[in-house]
$ cat start.txt   # compact mmCIF, C-alpha atoms
# COMPACT_ATOMS: atom_id res chain seq x y z
CA MET O 1 -17.70 -8.62 8.93
CA TYR O 2 -15.97 -7.97 5.62
CA ALA O 3 -14.86 -11.54 4.87
CA ARG O 4 -16.78 -14.76 4.77
CA ASN O 5 -13.58 -16.57 5.71
CA ARG O 6 -9.92 -15.79 6.35
CA VAL O 7 -8.83 -16.41 2.76
CA TYR O 8 -8.21 -12.99 1.30
CA THR O 9 -9.63 -13.20 -2.21
CA PHE O 10 -11.94 -10.98 -4.20
CA GLU O 11 -14.49 -13.79 -4.17
CA ASN O 12 -14.54 -13.81 -0.35
CA PHE O 13 -14.96 -10.06 0.00
CA ASP O 14 -18.45 -8.97 1.05
CA VAL O 15 -19.32 -6.30 -1.51
CA ASP O 16 -22.05 -3.78 -0.75
CA ARG O 17 -22.82 -0.20 -1.71
CA ARG O 18 -20.38 1.22 0.89
CA ASN O 19 -17.32 -0.60 -0.46
CA LYS O 20 -18.20 -1.44 -4.07
CA PHE O 21 -16.13 1.40 -5.56
CA ALA O 22 -13.04 0.36 -3.58
CA PHE O 23 -13.60 -3.26 -4.62
CA GLU O 24 -13.90 -2.35 -8.31
CA ALA O 25 -10.82 -0.09 -8.17
CA ALA O 26 -8.78 -2.87 -6.54
CA LYS O 27 -9.82 -5.28 -9.28
CA GLU O 28 -8.95 -2.70 -11.94
CA VAL O 29 -5.45 -2.35 -10.47
CA THR O 30 -4.91 -6.10 -10.77
CA ASN O 31 -6.06 -5.99 -14.38
CA GLU O 32 -3.90 -2.98 -15.27
CA PRO O 33 -1.08 -2.38 -12.75
CA GLY O 34 0.46 1.06 -13.19
CA GLY O 35 -2.62 2.22 -15.07
CA ARG O 36 -5.13 4.93 -14.34
CA PHE O 37 -5.46 4.16 -10.61
CA ASN O 38 -1.85 4.77 -9.69
CA PRO O 39 -1.36 5.35 -6.87
CA LEU O 40 -4.43 3.89 -5.20
CA TYR O 41 -5.12 4.99 -1.63
CA LEU O 42 -7.76 3.19 0.47
CA TYR O 43 -8.74 4.53 3.86
CA GLY O 44 -11.24 3.53 6.49
CA LYS O 45 -11.66 2.31 10.02
CA ARG O 46 -10.25 -0.93 11.34
CA TYR O 47 -12.01 -4.03 10.04
CA ASP O 48 -13.54 -2.22 7.06
CA GLY O 49 -11.73 -4.50 4.61
CA LYS O 50 -8.63 -2.57 3.57
CA THR O 51 -6.24 -5.40 4.38
CA HIS O 52 -8.56 -7.89 2.72
CA LEU O 53 -8.51 -5.90 -0.51
CA LEU O 54 -4.73 -5.45 -0.50
CA LYS O 55 -4.16 -9.14 0.18
CA ALA O 56 -6.72 -10.06 -2.50
CA MET O 57 -4.86 -7.83 -4.95
CA GLU O 58 -1.59 -9.51 -4.03
CA ARG O 59 -3.08 -12.95 -4.50
CA ASP O 60 -4.80 -12.08 -7.78
CA LEU O 61 -1.65 -10.50 -9.23
CA ARG O 62 0.50 -13.48 -8.26
CA GLU O 63 -1.97 -15.88 -9.90
CA LYS O 64 -2.77 -13.92 -13.07
CA LYS O 65 0.55 -12.15 -13.64
CA PRO O 66 3.22 -14.44 -12.18
CA LEU O 67 6.06 -12.58 -13.90
CA LEU O 68 5.34 -9.41 -11.93
CA ASP O 69 7.29 -8.81 -8.74
CA VAL O 70 4.58 -8.05 -6.17
CA LEU O 71 5.39 -6.97 -2.61
CA TYR O 72 2.79 -6.67 0.15
CA VAL O 73 4.11 -5.08 3.34
CA ARG O 74 2.61 -3.58 6.46
CA GLY O 75 3.70 -0.07 7.38
CA GLU O 76 5.25 -1.44 10.55
CA ASP O 77 7.34 -3.91 8.54
CA PHE O 78 8.57 -1.18 6.19
CA ASP O 79 9.56 0.83 9.25
CA ASN O 80 11.32 -2.14 10.88
CA ASP O 81 13.08 -3.10 7.64
CA LEU O 82 14.47 0.41 7.28
CA LEU O 83 15.61 0.61 10.90
CA SER O 84 17.33 -2.77 10.53
CA ALA O 85 18.99 -1.61 7.33
CA ILE O 86 20.26 1.53 9.03
CA SER O 87 21.59 -0.37 12.03
CA SER O 88 23.34 -2.96 9.84
CA ASN O 89 24.60 -0.50 7.28
CA GLN O 90 28.23 -1.53 7.32
CA TYR O 91 29.78 -0.25 4.08
CA GLY O 92 26.35 0.91 2.89
CA ILE O 93 25.15 -2.64 2.26
CA GLY O 94 22.09 -2.55 4.55
CA ILE O 95 20.53 0.48 2.86
CA LYS O 96 21.45 -0.84 -0.59
CA LEU O 97 19.68 -4.14 0.09
CA PHE O 98 16.67 -2.33 1.56
CA ARG O 99 16.35 -0.14 -1.54
CA GLU O 100 16.75 -3.11 -3.86
CA LYS O 101 13.93 -4.89 -2.04
CA TYR O 102 11.48 -1.98 -2.22
CA ARG O 103 12.44 -0.14 -5.40
CA ASN O 104 12.72 -3.05 -7.80
CA VAL O 105 9.16 -4.31 -7.57
CA ASP O 106 6.38 -3.98 -10.12
CA VAL O 107 3.64 -3.57 -7.52
CA LEU O 108 4.06 -2.27 -3.97
CA LEU O 109 1.12 -2.75 -1.59
CA VAL O 110 1.60 -0.94 1.74
CA ASP O 111 -0.97 -1.66 4.43
CA ASP O 112 -1.37 0.83 7.30
CA ILE O 113 0.90 3.51 5.89
CA ASP O 114 -0.15 5.82 8.71
CA TYR O 115 2.04 3.72 11.01
CA PHE O 116 5.19 5.63 10.04
CA MET O 117 3.84 8.97 8.80
CA GLU O 118 5.23 10.92 11.77
CA ARG O 119 8.68 9.30 11.63
CA ARG O 120 10.74 11.69 9.53
CA VAL O 121 13.58 9.30 8.57
CA VAL O 122 11.18 6.56 7.52
CA LEU O 123 8.90 9.00 5.71
CA ASN O 124 11.83 10.46 3.75
CA GLU O 125 12.93 6.99 2.63
CA PHE O 126 9.37 6.12 1.70
CA ILE O 127 9.00 9.32 -0.34
CA ASN O 128 12.13 8.40 -2.28
CA THR O 129 10.83 4.85 -2.78
CA PHE O 130 7.49 6.22 -3.95
CA ASP O 131 9.18 8.57 -6.42
CA SER O 132 11.42 5.82 -7.76
CA LEU O 133 8.52 3.43 -8.36
CA TYR O 134 6.13 6.05 -9.69
CA LEU O 135 8.64 7.39 -12.21
CA GLN O 136 9.13 3.82 -13.47
CA GLY O 137 5.37 3.44 -13.95
CA LYS O 138 5.12 0.82 -11.20
CA GLN O 139 1.86 0.34 -9.28
CA ILE O 140 1.64 1.66 -5.72
CA VAL O 141 -1.28 0.94 -3.38
CA PHE O 142 -1.65 2.27 0.16
CA SER O 143 -4.09 1.76 2.96
CA ALA O 144 -4.55 3.82 6.10
CA ASP O 145 -7.05 4.51 8.83
CA ARG O 146 -7.27 8.15 7.74
CA ARG O 147 -7.53 10.10 4.51
CA PRO O 148 -4.31 11.81 3.37
CA THR O 149 -5.45 15.23 4.59
CA ASP O 150 -5.86 13.81 8.12
CA LEU O 151 -2.35 12.36 8.44
CA GLY O 152 -1.21 15.06 10.85
CA GLU O 153 2.11 16.78 10.28
CA THR O 154 2.98 14.62 7.29
CA ASP O 155 4.96 16.44 4.65
CA LYS O 156 2.46 18.39 2.48
CA LEU O 157 4.34 17.46 -0.68
CA PHE O 158 3.99 13.78 0.17
CA ARG O 159 0.30 14.19 1.01
CA GLY O 160 -0.07 15.62 -2.47
CA LYS O 161 1.60 12.51 -3.90
CA LEU O 162 -0.81 10.28 -1.99
CA GLU O 163 -3.75 12.23 -3.38
CA MET O 164 -2.59 12.41 -7.00
CA GLY O 165 -4.08 9.03 -7.81
CA LEU O 166 -7.39 7.62 -6.68
CA VAL O 167 -8.34 8.11 -3.01
CA ILE O 168 -11.28 6.00 -1.81
CA GLY O 169 -12.93 5.78 1.57
CA ILE O 170 -14.09 2.28 2.42
CA ARG O 171 -16.75 1.37 4.97
CA ASN O 172 -18.22 -1.88 6.10

$ encode --input "start.txt" --output "structure tokens"
Amino acid sequence: MYARNRVYTFENFDVDRRNKFAFEAAKEVTNEPGGRFNPLYLYGKRYDGKTHLLKAMERDLREKKPLLDVLYVRGEDFDNDLLSAISSNQYGIGIKLFREKYRNVDVLLVDDIDYFMERRVVLNEFINTFDSLYLQGKQIVFSADRRPTDLGETDKLFRGKLEMGLVIGIRN
């Protein structure tokens, strides 16, 4: 088990040789968001601690850097938010609000990004969100069950974006 309890903090993460590098990279991101580990991509099987690390990063950033706008979201929630925005897009307001929510943050943590990788409309919006944040020097962190090269028919250009930062496999 990756956590000693359900509080997602760095202190409660069980560090060992199989996940130490991911742990240290996550801590580095909280010390220097938008720095050398941008984007950060963590992959591994279920229950290997990816969500724990993302939630610990969120918590640490909110405590140590309260002026930063930090957004943690599951891939499924990103997908649902976009579909809701499209369906309520009267006068372009739904999409505008969606983009304001996701493109005006300092740190975006997306858990289980593989959830929407095969959904072209969602992937295209995510690529644009990624580009917007990255060009502003904002921190982006992803987690997935698979490494970028194993994400199926995902756009090769986007796979390249996922791999241009630090890609770390995590095991428990």

$ closest_residue --input "start.txt" --among "O:Thr129, O:Ser143, O:Gln90, O:Gln136" --to "Phe158 of chain O" --atoms "only C-alpha atoms"
O:Thr129

$ residues_around --input "start.txt" --residues "Val122 of chain O" --least-positions-apart "3" --cutoff "9 Å" --atoms "all atoms listed in the file" --output "MDAnalysis selection string"
chainID O and resid 78:79 82:83 116:119 125:127

$ atom_distance --input "start.txt" --atom1 "atom CA of Asp69 of chain O" --atom2 "atom CA of Phe130 of chain O"
15.8 Å

$ closest_residue --input "start.txt" --among "O:Asp111, O:Ile86, O:Leu97, O:Leu40" --to "Glu28 of chain O" --atoms "all atoms listed in the file"
O:Leu40

$ closest_residue --input "start.txt" --among "O:Tyr115, O:Tyr102, O:Phe10, O:Tyr41" --to "Arg74 of chain O" --atoms "all atoms listed in the file"
O:Tyr115

$ closest_residue --input "start.txt" --among "O:Ile168, O:Met57, O:Ala85, O:Leu123" --to "Lys156 of chain O" --atoms "all atoms listed in the file"
O:Leu123

$ closest_residue --input "start.txt" --among "O:Glu76, O:Asp112, O:Asp131, O:Asp145" --to "Arg171 of chain O" --atoms "only C-alpha atoms"
O:Asp145

$ decode --input "start.txt" --residues "segment 20-92 of chain O" --atoms "C-alpha atoms" --output "PDB file, in the first residue's frame"
ATOM      1  CA  LYS O  20      11.889   7.488  -4.862  1.00  0.00           C
ATOM      2  CA  PHE O  21      12.680   9.276  -8.139  1.00  0.00           C
ATOM      3  CA  ALA O  22       9.002  10.089  -8.735  1.00  0.00           C
ATOM      4  CA  PHE O  23       8.686  11.285  -5.139  1.00  0.00           C
ATOM      5  CA  GLU O  24      11.731  13.557  -5.433  1.00  0.00           C
ATOM      6  CA  ALA O  25      10.561  14.954  -8.793  1.00  0.00           C
ATOM      7  CA  ALA O  26       7.120  15.731  -7.351  1.00  0.00           C
ATOM      8  CA  LYS O  27       8.728  17.578  -4.444  1.00  0.00           C
ATOM      9  CA  GLU O  28      10.965  19.491  -6.857  1.00  0.00           C
ATOM     10  CA  VAL O  29       7.902  20.632  -8.820  1.00  0.00           C
ATOM     11  CA  THR O  30       6.351  22.037  -5.658  1.00  0.00           C
ATOM     12  CA  ASN O  31       9.575  23.884  -4.881  1.00  0.00           C
ATOM     13  CA  GLU O  32       9.959  25.260  -8.410  1.00  0.00           C
ATOM     14  CA  PRO O  33       6.708  25.130 -10.425  1.00  0.00           C
ATOM     15  CA  GLY O  34       7.342  25.678 -14.121  1.00  0.00           C
ATOM     16  CA  GLY O  35      10.999  24.779 -13.648  1.00  0.00           C
ATOM     17  CA  ARG O  36      13.100  22.000 -15.085  1.00  0.00           C
ATOM     18  CA  PHE O  37      10.475  19.253 -14.644  1.00  0.00           C
ATOM     19  CA  ASN O  38       7.815  20.808 -16.835  1.00  0.00           C
ATOM     20  CA  PRO O  39       5.807  18.952 -17.865  1.00  0.00           C
ATOM     21  CA  LEU O  40       6.048  16.066 -15.414  1.00  0.00           C
ATOM     22  CA  TYR O  41       4.460  12.786 -16.486  1.00  0.00           C
ATOM     23  CA  LEU O  42       4.009   9.950 -13.965  1.00  0.00           C
ATOM     24  CA  TYR O  43       2.824   6.552 -15.108  1.00  0.00           C
ATOM     25  CA  GLY O  44       2.224   3.242 -13.411  1.00  0.00           C
ATOM     26  CA  LYS O  45      -0.381   0.689 -12.512  1.00  0.00           C
ATOM     27  CA  ARG O  46      -3.394   1.375 -10.352  1.00  0.00           C
ATOM     28  CA  TYR O  47      -2.582   1.868  -6.671  1.00  0.00           C
ATOM     29  CA  ASP O  48       1.094   2.626  -7.333  1.00  0.00           C
ATOM     30  CA  GLY O  49       0.766   6.090  -5.794  1.00  0.00           C
ATOM     31  CA  LYS O  50       0.261   8.431  -8.749  1.00  0.00           C
ATOM     32  CA  THR O  51      -2.865  10.036  -7.316  1.00  0.00           C
ATOM     33  CA  HIS O  52      -1.227  10.289  -3.910  1.00  0.00           C
ATOM     34  CA  LEU O  53       1.705  12.217  -5.382  1.00  0.00           C
ATOM     35  CA  LEU O  54      -0.506  14.568  -7.400  1.00  0.00           C
ATOM     36  CA  LYS O  55      -2.723  15.277  -4.402  1.00  0.00           C
ATOM     37  CA  ALA O  56       0.352  15.755  -2.194  1.00  0.00           C
ATOM     38  CA  MET O  57       1.700  18.242  -4.740  1.00  0.00           C
ATOM     39  CA  GLU O  58      -1.613  20.084  -4.725  1.00  0.00           C
ATOM     40  CA  ARG O  59      -1.661  20.233  -0.947  1.00  0.00           C
ATOM     41  CA  ASP O  60       1.977  21.293  -0.653  1.00  0.00           C
ATOM     42  CA  LEU O  61       1.596  24.034  -3.264  1.00  0.00           C
ATOM     43  CA  ARG O  62      -1.546  25.401  -1.613  1.00  0.00           C
ATOM     44  CA  GLU O  63       0.209  25.526   1.775  1.00  0.00           C
ATOM     45  CA  LYS O  64       3.608  26.858   0.689  1.00  0.00           C
ATOM     46  CA  LYS O  65       2.591  29.036  -2.257  1.00  0.00           C
ATOM     47  CA  PRO O  66      -0.945  30.233  -1.492  1.00  0.00           C
ATOM     48  CA  LEU O  67      -0.851  32.911  -4.198  1.00  0.00           C
ATOM     49  CA  LEU O  68      -0.538  30.299  -6.945  1.00  0.00           C
ATOM     50  CA  ASP O  69      -3.709  29.119  -8.654  1.00  0.00           C
ATOM     51  CA  VAL O  70      -3.470  25.321  -8.451  1.00  0.00           C
ATOM     52  CA  LEU O  71      -5.992  23.031 -10.142  1.00  0.00           C
ATOM     53  CA  TYR O  72      -6.129  19.265  -9.598  1.00  0.00           C
ATOM     54  CA  VAL O  73      -8.521  17.459 -11.919  1.00  0.00           C
ATOM     55  CA  ARG O  74      -9.137  13.876 -12.951  1.00  0.00           C
ATOM     56  CA  GLY O  75      -9.110  13.134 -16.670  1.00  0.00           C
ATOM     57  CA  GLU O  76     -12.765  12.152 -16.436  1.00  0.00           C
ATOM     58  CA  ASP O  77     -13.640  15.525 -14.900  1.00  0.00           C
ATOM     59  CA  PHE O  78     -11.776  17.421 -17.633  1.00  0.00           C
ATOM     60  CA  ASP O  79     -13.723  15.388 -20.186  1.00  0.00           C
ATOM     61  CA  ASN O  80     -17.062  16.022 -18.446  1.00  0.00           C
ATOM     62  CA  ASP O  81     -16.328  19.735 -17.992  1.00  0.00           C
ATOM     63  CA  LEU O  82     -15.612  20.111 -21.697  1.00  0.00           C
ATOM     64  CA  LEU O  83     -18.716  18.186 -22.753  1.00  0.00           C
ATOM     65  CA  SER O  84     -20.830  20.328 -20.409  1.00  0.00           C
ATOM     66  CA  ALA O  85     -19.250  23.473 -21.823  1.00  0.00           C
ATOM     67  CA  ILE O  86     -20.012  22.363 -25.370  1.00  0.00           C
ATOM     68  CA  SER O  87     -23.613  21.477 -24.553  1.00  0.00           C
ATOM     69  CA  SER O  88     -24.201  24.791 -22.740  1.00  0.00           C
ATOM     70  CA  ASN O  89     -22.316  26.912 -25.214  1.00  0.00           C
ATOM     71  CA  GLN O  90     -25.008  29.473 -25.851  1.00  0.00           C
ATOM     72  CA  TYR O  91     -23.287  32.551 -27.315  1.00  0.00           C
ATOM     73  CA  GLY O  92     -19.887  30.918 -26.770  1.00  0.00           C
TER      74      GLY O  92
END
